[in-house]
>>> print(open('my_file.cif').read())   # mmCIF, C-alpha atoms
data_data
loop_
_atom_site.label_atom_id
_atom_site.label_comp_id
_atom_site.auth_asym_id
_atom_site.auth_seq_id
_atom_site.Cartn_x
_atom_site.Cartn_y
_atom_site.Cartn_z
CA MET B 678 -26.77 -13.93 -2.05
CA LYS B 679 -26.92 -14.39 1.74
CA CYS B 680 -24.05 -13.80 4.17
CA LYS B 681 -22.17 -17.08 4.67
CA ARG B 682 -21.47 -16.24 8.31
CA CYS B 683 -24.77 -15.07 9.81
CA ARG B 684 -26.89 -16.65 7.02
CA ARG B 685 -29.55 -13.97 7.53
CA ALA B 686 -28.48 -10.64 6.02
CA ASP B 687 -27.85 -10.01 2.33
CA ALA B 688 -24.19 -10.24 1.39
CA ALA B 689 -22.40 -7.02 0.40
CA VAL B 690 -18.92 -8.43 -0.25
CA ASP B 691 -18.26 -11.63 -2.17
CA LEU B 692 -14.82 -13.16 -1.84
CA PRO B 693 -14.31 -16.06 -4.26
CA SER B 694 -10.78 -16.54 -2.90
CA HIS B 695 -12.32 -17.51 0.46
CA HIS B 696 -15.42 -19.22 -1.00
CA ALA B 697 -17.35 -16.70 1.06
CA ALA B 698 -19.66 -13.71 0.99
CA PHE B 699 -20.41 -11.44 3.92
CA CYS B 700 -22.91 -8.81 5.06
CA PRO B 701 -21.21 -5.58 6.24
CA ALA B 702 -21.25 -6.50 9.95
CA CYS B 703 -19.79 -9.97 9.35
CA PHE B 704 -17.27 -8.63 6.84
CA PHE B 705 -15.85 -6.32 9.52
CA VAL B 706 -15.37 -9.34 11.78
CA PHE B 707 -13.76 -11.34 8.95
CA PHE B 708 -11.46 -8.50 7.88
CA ARG B 709 -10.24 -7.70 11.39
CA ARG B 710 -9.56 -11.39 11.99
CA GLN B 711 -7.54 -11.58 8.79
CA VAL B 712 -5.39 -8.67 9.92
CA THR B 713 -4.96 -9.88 13.51
CA GLU B 714 -4.13 -13.37 12.23
CA GLY B 715 -1.52 -11.85 9.94
CA ILE B 716 -0.05 -9.94 12.89
CA ARG B 717 -0.06 -13.03 15.11
CA LYS B 718 1.34 -15.48 12.56
CA GLN B 719 4.34 -13.33 11.70
CA ARG B 720 4.67 -11.78 15.17
CA LEU B 721 4.49 -8.29 13.72
CA LEU B 722 3.30 -6.40 16.79
CA VAL B 723 3.01 -6.77 20.54
CA PRO B 724 0.33 -4.97 22.60
CA GLU B 725 2.94 -2.66 24.17
CA ASP B 726 4.13 -1.37 20.79
CA ARG B 727 4.01 2.31 19.95
CA VAL B 728 3.11 2.22 16.27
CA LEU B 729 3.92 4.89 13.70
CA VAL B 730 1.41 4.30 10.88
CA CYS B 731 2.52 5.73 7.54
CA VAL B 732 -0.57 7.18 5.89
CA SER B 733 -0.76 8.41 2.32
CA GLY B 734 -4.46 9.24 2.11
CA GLY B 735 -5.11 6.07 0.09
CA LYS B 736 -7.38 3.25 1.18
CA ASP B 737 -4.80 0.80 2.47
CA SER B 738 -2.96 3.04 4.90
CA LEU B 739 -6.12 4.67 6.29
CA VAL B 740 -7.78 1.27 6.70
CA LEU B 741 -4.65 -0.01 8.44
CA TRP B 742 -4.72 2.91 10.85
CA ASP B 743 -8.42 2.35 11.47
CA VAL B 744 -7.98 -1.36 12.22
CA LEU B 745 -5.00 -0.77 14.52
CA ILE B 746 -6.84 1.95 16.47
CA ASP B 747 -9.87 -0.34 16.86
CA ALA B 748 -7.60 -3.19 17.93
CA GLY B 749 -6.33 -1.01 20.78
CA TYR B 750 -2.79 -0.30 19.61
CA GLU B 751 -1.17 3.00 20.54
CA THR B 752 -0.77 4.68 17.15
CA GLU B 753 0.18 7.95 15.53
CA GLY B 754 -0.08 8.72 11.82
CA LEU B 755 2.78 10.01 9.70
CA TYR B 756 1.89 11.81 6.47
CA ILE B 757 4.68 12.74 4.08
CA ASP B 758 3.64 15.52 1.73
CA LEU B 759 5.47 14.55 -1.47
CA GLY B 760 5.10 18.00 -3.01
CA ILE B 761 3.17 16.73 -6.05
CA GLU B 762 0.98 19.56 -7.26
CA GLY B 763 -2.72 18.99 -6.57
CA TYR B 764 -2.41 15.31 -5.69
CA SER B 765 -0.52 15.93 -2.45
CA ASP B 766 -3.01 18.57 -1.29
CA ARG B 767 -5.95 16.25 -1.93
CA SER B 768 -4.23 13.34 -0.20
CA LYS B 769 -3.36 15.45 2.83
CA GLU B 770 -6.97 16.61 3.13
CA LYS B 771 -8.14 12.99 3.36
CA VAL B 772 -5.53 12.16 5.99
CA LEU B 773 -6.36 15.20 8.12
CA ALA B 774 -10.10 14.54 7.85
CA TYR B 775 -9.74 10.88 8.83
CA ALA B 776 -7.35 11.70 11.68
CA ALA B 777 -9.74 14.35 13.02
CA SER B 778 -12.60 11.83 12.92
CA ARG B 779 -10.57 9.61 15.27
CA GLY B 780 -9.42 12.48 17.48
CA LYS B 781 -5.87 12.35 16.12
CA THR B 782 -3.43 14.84 14.67
CA PRO B 783 -0.98 13.26 12.24
CA ILE B 784 2.71 14.10 12.09
CA VAL B 785 3.23 15.90 8.77
CA VAL B 786 6.54 16.10 6.92
CA GLU B 787 6.57 18.56 4.00
CA LEU B 788 9.18 17.54 1.44
CA ALA B 789 9.08 21.02 -0.13
CA THR B 790 10.18 22.44 3.23
CA GLU B 791 12.80 19.69 3.57
CA GLY B 792 14.22 20.72 0.19
CA VAL B 793 13.31 17.53 -1.70
CA PRO B 794 9.84 17.70 -3.31
CA ILE B 795 9.64 14.45 -5.30
CA PRO B 796 9.13 15.80 -8.86
CA GLU B 797 12.01 18.25 -8.59
CA ALA B 798 14.28 15.83 -6.70
CA ALA B 799 13.74 13.16 -9.38
CA ARG B 800 14.55 15.66 -12.13
CA CYS B 801 17.68 16.90 -10.39
CA ALA B 802 18.93 13.41 -9.52
CA ARG B 803 17.90 11.98 -12.91
CA MET B 804 16.14 9.14 -11.14
CA GLN B 805 12.70 7.56 -11.38
CA GLU B 806 10.19 9.37 -9.17
CA CYS B 807 9.19 6.11 -7.41
CA SER B 808 12.82 5.38 -6.60
CA VAL B 809 13.39 8.86 -5.13
CA CYS B 810 10.12 8.56 -3.23
CA GLY B 811 11.27 5.25 -1.71
CA THR B 812 14.57 6.71 -0.55
CA VAL B 813 12.94 9.76 1.00
CA LYS B 814 10.14 7.81 2.69
CA ARG B 815 12.52 5.24 4.20
CA TYR B 816 14.61 8.07 5.59
CA PHE B 817 11.69 9.84 7.26
CA PHE B 818 10.11 6.62 8.53
CA ASN B 819 13.30 5.93 10.47
CA ARG B 820 13.92 9.52 11.51
CA VAL B 821 10.40 10.31 12.74
CA ALA B 822 10.14 6.93 14.47
CA ALA B 823 13.44 7.44 16.28
CA GLU B 824 12.63 11.04 17.24
CA GLY B 825 9.16 10.10 18.47
CA LYS B 826 10.34 6.96 20.28
CA PHE B 827 8.08 4.70 18.26
CA THR B 828 8.89 0.99 18.53
CA VAL B 829 7.64 0.08 15.06
CA VAL B 830 6.67 1.56 11.69
CA ALA B 831 3.59 0.10 9.96
CA THR B 832 2.79 0.50 6.26
CA GLY B 833 -0.38 -0.39 4.33
CA HIS B 834 1.15 -2.88 1.88
CA ASN B 835 -1.46 -5.52 1.11
CA LEU B 836 -1.50 -8.97 -0.44
CA ASP B 837 -1.68 -7.58 -3.98
CA ASP B 838 1.34 -5.35 -3.35
CA GLU B 839 3.37 -8.16 -1.85
CA THR B 840 2.54 -10.73 -4.52
CA ALA B 841 3.25 -8.22 -7.30
CA ARG B 842 6.64 -7.58 -5.73
CA LEU B 843 7.22 -11.30 -5.34
CA LEU B 844 6.36 -11.98 -8.97
CA GLY B 845 8.73 -9.22 -10.11
CA ASN B 846 11.53 -10.54 -7.92
CA LEU B 847 11.00 -14.07 -9.22
CA LEU B 848 10.83 -13.08 -12.88
CA HIS B 849 14.15 -11.29 -12.56
CA TRP B 850 15.64 -13.82 -10.13
CA GLN B 851 16.43 -11.10 -7.63
CA ARG B 852 17.74 -13.56 -5.07
CA ASP B 853 18.82 -10.92 -2.56
CA HIS B 854 15.45 -9.19 -2.78
CA LEU B 855 13.66 -12.52 -2.39
CA ALA B 856 15.66 -13.28 0.72
CA ARG B 857 14.60 -9.95 2.23
CA GLN B 858 10.93 -9.85 1.22
CA HIS B 859 8.80 -10.34 4.33
CA PRO B 860 5.95 -8.58 6.22
CA LEU B 861 8.42 -8.09 9.09
CA LEU B 862 11.69 -6.26 8.74
CA PRO B 863 13.35 -6.36 12.16
CA GLY B 864 14.93 -3.25 13.59
CA ALA B 865 18.65 -2.88 14.05
CA ASP B 866 21.16 -0.70 15.85
CA GLY B 867 21.92 2.70 14.44
CA GLY B 868 18.33 3.98 14.18
CA LEU B 869 16.78 1.35 11.90
CA VAL B 870 13.29 0.87 13.29
CA ARG B 871 11.31 -2.38 12.89
CA LYS B 872 8.93 -2.20 9.92
CA VAL B 873 5.77 -4.26 9.51
CA LYS B 874 3.03 -4.80 6.91
CA PRO B 875 -0.02 -5.94 8.89
CA LEU B 876 -2.30 -6.07 5.80
CA TRP B 877 -0.24 -8.77 4.07
CA ARG B 878 -3.13 -11.27 4.17
CA VAL B 879 -5.85 -9.00 2.73
CA SER B 880 -6.38 -8.04 -0.89
CA GLU B 881 -6.93 -4.60 -2.36
CA VAL B 882 -10.60 -5.42 -2.97
CA GLU B 883 -10.95 -6.31 0.71
CA THR B 884 -9.31 -3.11 1.97
CA ALA B 885 -11.36 -1.02 -0.45
CA ALA B 886 -14.57 -2.75 0.66
CA TYR B 887 -13.66 -2.26 4.33
CA GLY B 888 -12.88 1.42 3.75
CA PHE B 889 -16.09 1.99 1.80
CA LEU B 890 -18.32 0.22 4.34
CA LYS B 891 -16.66 2.01 7.25
CA GLY B 892 -17.20 5.36 5.52
CA ILE B 893 -13.48 6.14 5.34
CA ASP B 894 -13.05 8.84 2.73
CA TYR B 895 -9.84 7.99 0.91
CA VAL B 896 -8.20 9.39 -2.20
CA THR B 897 -9.18 7.17 -5.15
CA GLU B 898 -6.98 8.81 -7.76
CA GLU B 899 -3.61 7.25 -8.40
CA CYS B 900 -0.35 9.05 -7.76
CA PRO B 901 0.43 10.71 -11.13
CA MET B 902 4.07 9.68 -10.72
CA SER B 903 3.23 5.96 -10.61
CA GLU B 904 1.46 5.64 -13.97
CA ASP B 905 4.31 3.62 -15.47
CA ALA B 906 5.14 1.67 -12.32
CA THR B 907 6.18 -1.88 -13.18
CA SER B 908 4.27 -3.16 -10.14
CA LEU B 909 1.07 -2.38 -12.07
CA VAL B 910 2.10 -4.82 -14.81
CA TYR B 911 2.64 -7.59 -12.26
CA LYS B 912 -0.63 -6.73 -10.53
CA GLU B 913 -2.50 -6.99 -13.80
CA ALA B 914 -0.98 -10.39 -14.56
CA LEU B 915 -1.86 -11.64 -11.09
CA SER B 916 -5.40 -10.30 -11.24
CA ARG B 917 -5.95 -12.22 -14.50
CA ILE B 918 -4.81 -15.38 -12.75
CA GLU B 919 -6.90 -14.59 -9.66
CA ASP B 920 -10.01 -14.08 -11.82
CA ARG B 921 -9.61 -17.57 -13.27
CA MET B 922 -8.23 -19.27 -10.16
CA PRO B 923 -9.45 -17.49 -7.01
CA GLY B 924 -7.18 -17.90 -4.03
CA THR B 925 -3.97 -18.18 -6.05
CA ARG B 926 -2.48 -14.98 -4.63
CA ILE B 927 -2.64 -16.00 -0.97
CA VAL B 928 -1.34 -19.52 -1.75
CA PHE B 929 1.51 -17.94 -3.74
CA TYR B 930 2.53 -15.62 -0.91
CA GLN B 931 1.99 -17.97 2.01
CA GLY B 932 4.01 -20.63 0.22
CA PHE B 933 6.78 -18.11 -0.29
CA LEU B 934 6.75 -17.16 3.42
CA ASP B 935 7.07 -20.79 4.51
CA PRO B 936 10.29 -20.88 6.54
CA SER B 937 11.40 -24.00 4.64
CA ASN B 938 11.32 -22.13 1.31
CA PRO B 939 14.95 -22.08 0.07
CA LEU B 940 14.30 -18.90 -1.94
CA ARG B 941 14.08 -16.99 1.30
CA LYS B 942 17.73 -17.72 2.04
CA ARG B 943 20.62 -15.76 0.63
CA PRO B 944 22.81 -18.21 -1.24
CA GLU B 945 25.98 -17.26 0.61
CA THR B 946 24.40 -17.06 4.07
CA ALA B 947 21.72 -19.75 3.87
CA THR B 948 21.28 -21.04 7.39
CA PRO B 949 18.24 -22.50 9.15
CA GLU B 950 17.90 -19.48 11.46
CA ASP B 951 18.18 -16.94 8.67
CA ALA B 952 14.52 -16.02 8.27
CA PRO B 953 13.84 -13.30 9.12
CA GLY B 954 16.67 -12.09 11.31
CA ALA B 955 18.32 -8.85 12.27
CA ASP B 956 20.75 -9.33 9.41
CA ALA B 957 17.87 -9.14 6.96
CA ALA B 958 17.08 -5.64 8.17
CA HIS B 959 20.65 -4.57 7.72
CA ARG B 960 20.77 -6.09 4.25
CA THR B 961 17.68 -4.16 3.23
CA GLU B 962 19.07 -0.89 4.45
CA VAL B 963 22.42 -1.75 2.88
CA ALA B 964 20.69 -2.20 -0.45
CA ALA B 965 18.75 1.02 0.05
CA GLU B 966 21.94 2.86 0.83
CA GLY B 967 23.68 1.30 -2.11
CA GLY B 968 26.55 -0.22 -0.23
CA GLU B 969 27.85 -3.16 1.73
CA GLY B 970 29.88 -3.32 4.91
CA THR B 971 29.57 -1.94 8.40
CA ALA B 972 26.77 0.37 9.47
CA ARG B 973 27.83 3.84 10.52
CA THR B 974 26.26 7.25 10.89
CA CYS B 975 25.86 9.79 8.11
CA VAL B 976 28.34 12.64 8.48
CA GLU B 977 25.60 15.13 7.52
CA CYS B 978 22.53 14.03 9.46
CA GLY B 979 23.56 11.17 11.72
CA ALA B 980 21.21 8.63 10.13
CA ALA B 981 22.26 4.99 9.81
CA THR B 982 24.09 4.40 6.54
CA PHE B 983 26.74 2.21 4.96
CA THR B 984 28.45 5.03 3.10
CA GLU B 985 29.94 8.27 4.40
CA THR B 986 26.83 10.28 3.55
CA CYS B 987 23.37 8.69 3.54
CA SER B 988 21.37 8.43 0.30
CA PHE B 989 18.91 11.08 1.50
CA CYS B 990 21.64 13.65 2.17
CA ARG B 991 23.27 12.81 -1.17
CA LEU B 992 19.93 13.39 -2.89
CA LYS B 993 19.42 16.66 -1.04
CA GLU B 994 22.85 17.82 -2.10
CA ARG B 995 22.12 17.04 -5.76
CA VAL B 996 18.91 19.09 -5.58
CA ARG B 997 20.77 21.97 -3.91
CA LYS B 998 23.49 21.93 -6.59
CA ALA B 999 20.95 21.79 -9.43
CA ARG B 1000 19.07 24.74 -7.93
CA SER B 1001 22.20 26.80 -7.55
CA LEU B 1002 23.29 25.96 -11.12
CA ARG B 1003 19.86 27.03 -12.38
CA ALA B 1004 20.02 30.27 -10.39
CA THR B 1005 23.49 31.04 -11.85
CA THR B 1006 22.30 30.32 -15.40
CA VAL B 1007 19.21 32.53 -14.98
CA SER B 1008 21.21 35.43 -13.53
CA ARG B 1009 23.62 35.46 -16.51
CA MET O 1357 -27.59 13.22 -21.15
CA TYR O 1358 -28.16 9.70 -19.98
CA ASN O 1359 -31.03 7.39 -20.82
CA ALA O 1360 -33.24 6.70 -17.76
CA SER O 1361 -34.38 3.37 -19.19
CA MET O 1362 -30.85 2.02 -19.18
CA ILE O 1363 -28.28 1.11 -16.53
CA ARG O 1364 -25.69 3.83 -16.11
CA VAL O 1365 -22.18 2.58 -15.24
CA ARG O 1366 -19.76 5.24 -14.02
CA LEU O 1367 -16.02 4.64 -13.94
CA PRO O 1368 -14.84 7.77 -12.10
CA GLN O 1369 -11.09 7.08 -12.24
CA LYS O 1370 -11.29 6.62 -16.01
CA LYS O 1371 -13.64 9.62 -16.26
CA LYS O 1372 -15.95 7.40 -18.29
CA GLU O 1373 -19.66 6.62 -18.29
CA LEU O 1374 -21.34 3.74 -20.10
CA GLU O 1375 -24.95 2.66 -20.57
CA PHE O 1376 -26.31 -0.85 -20.86
CA PRO O 1377 -29.81 -2.25 -21.14
CA GLY O 1378 -31.04 -4.01 -18.00
CA PRO O 1379 -31.66 -6.06 -16.07
CA ARG O 1380 -28.13 -7.35 -15.85
CA ARG O 1381 -25.88 -8.86 -13.19
CA VAL O 1382 -22.93 -6.82 -11.94
CA MET O 1383 -20.45 -9.42 -13.24
CA ASP O 1384 -21.98 -9.15 -16.74
CA LEU O 1385 -21.85 -5.36 -16.64
CA LEU O 1386 -18.18 -5.55 -15.66
CA ALA O 1387 -17.45 -7.94 -18.51
CA ASP O 1388 -19.24 -5.63 -20.96
CA ALA O 1389 -17.30 -2.67 -19.61
CA GLY O 1390 -14.04 -4.59 -19.96
CA VAL O 1391 -13.27 -4.51 -16.24
CA ARG O 1392 -11.83 -7.46 -14.30
CA PRO O 1393 -13.83 -8.17 -11.12
CA THR O 1394 -10.76 -8.58 -8.89
CA THR O 1395 -9.68 -5.01 -9.59
CA VAL O 1396 -12.80 -3.10 -8.51
CA ILE O 1397 -15.57 -2.65 -6.00
CA VAL O 1398 -19.03 -1.79 -7.30
CA THR O 1399 -21.28 0.60 -5.42
CA GLN O 1400 -24.78 1.98 -5.67
CA GLY O 1401 -25.00 5.04 -3.45
CA ARG O 1402 -23.89 3.87 0.00
CA ARG O 1403 -24.39 0.19 -0.87
CA LEU O 1404 -21.70 -2.23 -1.94
CA LEU O 1405 -22.91 -4.70 -4.57
CA THR O 1406 -21.90 -8.34 -4.94
CA LYS O 1407 -20.94 -9.56 -8.40
CA ASP O 1408 -24.13 -11.59 -8.77
CA HIS O 1409 -26.39 -8.65 -7.83
CA ARG O 1410 -29.06 -7.96 -10.47
CA VAL O 1411 -29.12 -4.32 -11.56
CA GLU O 1412 -32.35 -2.89 -12.95
CA ASP O 1413 -32.87 -0.28 -15.64
CA GLY O 1414 -32.70 3.31 -14.40
CA THR O 1415 -30.00 2.45 -11.86
CA THR O 1416 -26.63 4.19 -11.62
CA ILE O 1417 -23.69 2.20 -10.32
CA ASP O 1418 -20.08 3.21 -9.71
CA VAL O 1419 -17.15 0.99 -10.55
CA ILE O 1420 -14.24 1.99 -8.31
CA SER O 1421 -10.78 0.75 -9.22
CA VAL O 1422 -8.87 -0.54 -6.19
CA VAL O 1423 -5.49 -1.00 -7.86
CA SER O 1424 -2.76 1.20 -6.44
CA GLY O 1425 0.65 1.52 -8.03
CA GLY O 1426 4.14 2.34 -6.84
#
>>> encode(input="my_file.cif", output="structure tokens")
Amino acid sequence: MKCKRCRRADAAVDLPSHHAAFCPACFFVFFRRQVTEGIRKQRLLVPEDRVLVCVSGGKDSLVLWDVLIDAGYETEGLYIDLGIEGYSDRSKEKVLAYAASRGKTPIVVELATEGVPIPEAARCARMQECSVCGTVKRYFFNRVAAEGKFTVVATGHNLDDETARLLGNLLHWQRDHLARQHPLLPGADGGLVRKVKPLWRVSEVETAAYGFLKGIDYVTEECPMSEDATSLVYKEALSRIEDRMPGTRIVFYQGFLDPSNPLRKRPETATPEDAPGADAAHRTEVAAEGGEGTARTCVECGAATFTETCSFCRLKERVRKARSLRATTVSR
Amino acid sequence: MYNASMIRVRLPQKKKELEFPGPRRVMDLLADAGVRPTTVIVTQGRRLLTKDHRVEDGTTIDVISVVSGG
């Protein structure tokens, strides 16, 4: 198979969803265009942005960082060490190695040092690991971005991630979640930094192919905590559909993002200008903080919250109490 | 010990290795291995293979899952 773009070199990547196949050099051009088009269409970034790229050591986040550096954005990487034995060490190694190859030093947050390693925090709080992980990551994304004066936080969510989430939200008629789902979550007062997903137009196969061809050494093993993640069920269903009907995923998601889509409006606040607005950001953080009402600052840490103490500080407190209870029991 | 007159298909994330007689296209090898094409990339050393690429006997290919959870 020959490259559909240059028509000379042998193709290395075939993309049935685009009726195309590319040699490595032309695939790089295609991939970067997909990402920059995604950024332009949804106005995710401006050239003056200072971007905090959240990197996990996996393919998507490292590829995102790579593309943004090559595109000329001012970026720094943020790695959150989740404190998962073995897996976190291997992930961190990949992040540090990639960063060094681009002359960068990532910001590293160690959850063990912060008192909330994910496995222990989930046990103490009697919550799903992925849920705890989400709470903790959101907290540090905002905190590190605010402390470092970053204008935006970028994550490596791709088309497969977003369509899996969309399918889950639709199947359960999560109308509030549907109204909030977007590659751009605007910032808001009180330390909520703008969050963007520049890879929303590219699939997992495309990011993996880009990473492989660019020689980016990423961690291929899955997080051991996510084995039972429901998103994997939705991804499997969508990949079956995509196999039979290539291009369905991008049509599904682009159709959803169409501003005229009534599902993107909250029933009680559906207005023409309500997509996506500053209110959407607040609503997301409200949901994350488990409350409604007026934003205020956490009495413990000063982070934006809608309850007296933010969800991160509440989690930290539960871990502290569980530890002290354990210590008392052991000493008896 | 693997058979040099066969195609060796490695699935590192599943810690699995399979052998098939060649020549065979990548898409047929994936079907035989029970792997959906939209969930993997297929490599041979530093090369990325398209799904219609014909693999010869004695070749080792890696099937890398691209699906991330969470």
>>> resolve_selection(input="my_file.cif", expression="the PyMOL selection byres ((chain B) within 9 of (chain O))", output="PyMOL selection string")
chain B and resi 678+688-691+698+701+735-736+807+837-838+881-886+889-890+892+897-900+902-909+912-913+916-917+919-920
>>> atom_distance(input="my_file.cif", atom1="atom CA of B:Val772", atom2="atom CA of B:Cys987")
29.2 Å
>>> closest_residue(input="my_file.cif", among="B:Leu721, B:Phe989, B:Phe705, B:Arg973", to="B:Val744", atoms="only C-alpha atoms")
B:Phe705
>>> atom_distance(input="my_file.cif", atom1="atom CA of B:Gly867", atom2="atom CA of B:Glu977")
14.7 Å
>>> residues_near_point(input="my_file.cif", point="(-29.6, 5.4, -16.1)", cutoff="10 Å", atoms="all atoms listed in the file", output="short mmCIF file (atom, residue, chain, number, x, y, z; two decimals) with C-alpha atoms, keeping the file's coordinate frame")
data_model
loop_
_atom_site.label_atom_id
_atom_site.label_comp_id
_atom_site.auth_asym_id
_atom_site.auth_seq_id
_atom_site.Cartn_x
_atom_site.Cartn_y
_atom_site.Cartn_z
CA MET O 1357 -27.59 13.22 -21.15
CA TYR O 1358 -28.16 9.70 -19.98
CA ASN O 1359 -31.03 7.39 -20.82
CA ALA O 1360 -33.24 6.70 -17.76
CA SER O 1361 -34.38 3.37 -19.19
CA MET O 1362 -30.85 2.02 -19.18
CA ILE O 1363 -28.28 1.11 -16.53
CA ARG O 1364 -25.69 3.83 -16.11
CA VAL O 1365 -22.18 2.58 -15.24
CA LEU O 1374 -21.34 3.74 -20.10
CA GLU O 1375 -24.95 2.66 -20.57
CA PHE O 1376 -26.31 -0.85 -20.86
CA PRO O 1377 -29.81 -2.25 -21.14
CA GLY O 1378 -31.04 -4.01 -18.00
CA GLU O 1412 -32.35 -2.89 -12.95
CA ASP O 1413 -32.87 -0.28 -15.64
CA GLY O 1414 -32.70 3.31 -14.40
CA THR O 1415 -30.00 2.45 -11.86
CA THR O 1416 -26.63 4.19 -11.62
CA ILE O 1417 -23.69 2.20 -10.32
#
>>> resolve_selection(input="my_file.cif", expression="the PyMOL selection byres ((chain B and resi 733) around 9)", output="PyMOL selection string")
chain B and resi 731-732+734-739+755-758+765+768-769+771-772+896
>>> resolve_selection(input="my_file.cif", expression="the PyMOL selection byres ((chain B and resi 745) around 12)", output="MDAnalysis selection string")
chainID B and resid 709:710 712:713 716 722:724 726:730 738:744 746:754 779 831:833 874:876
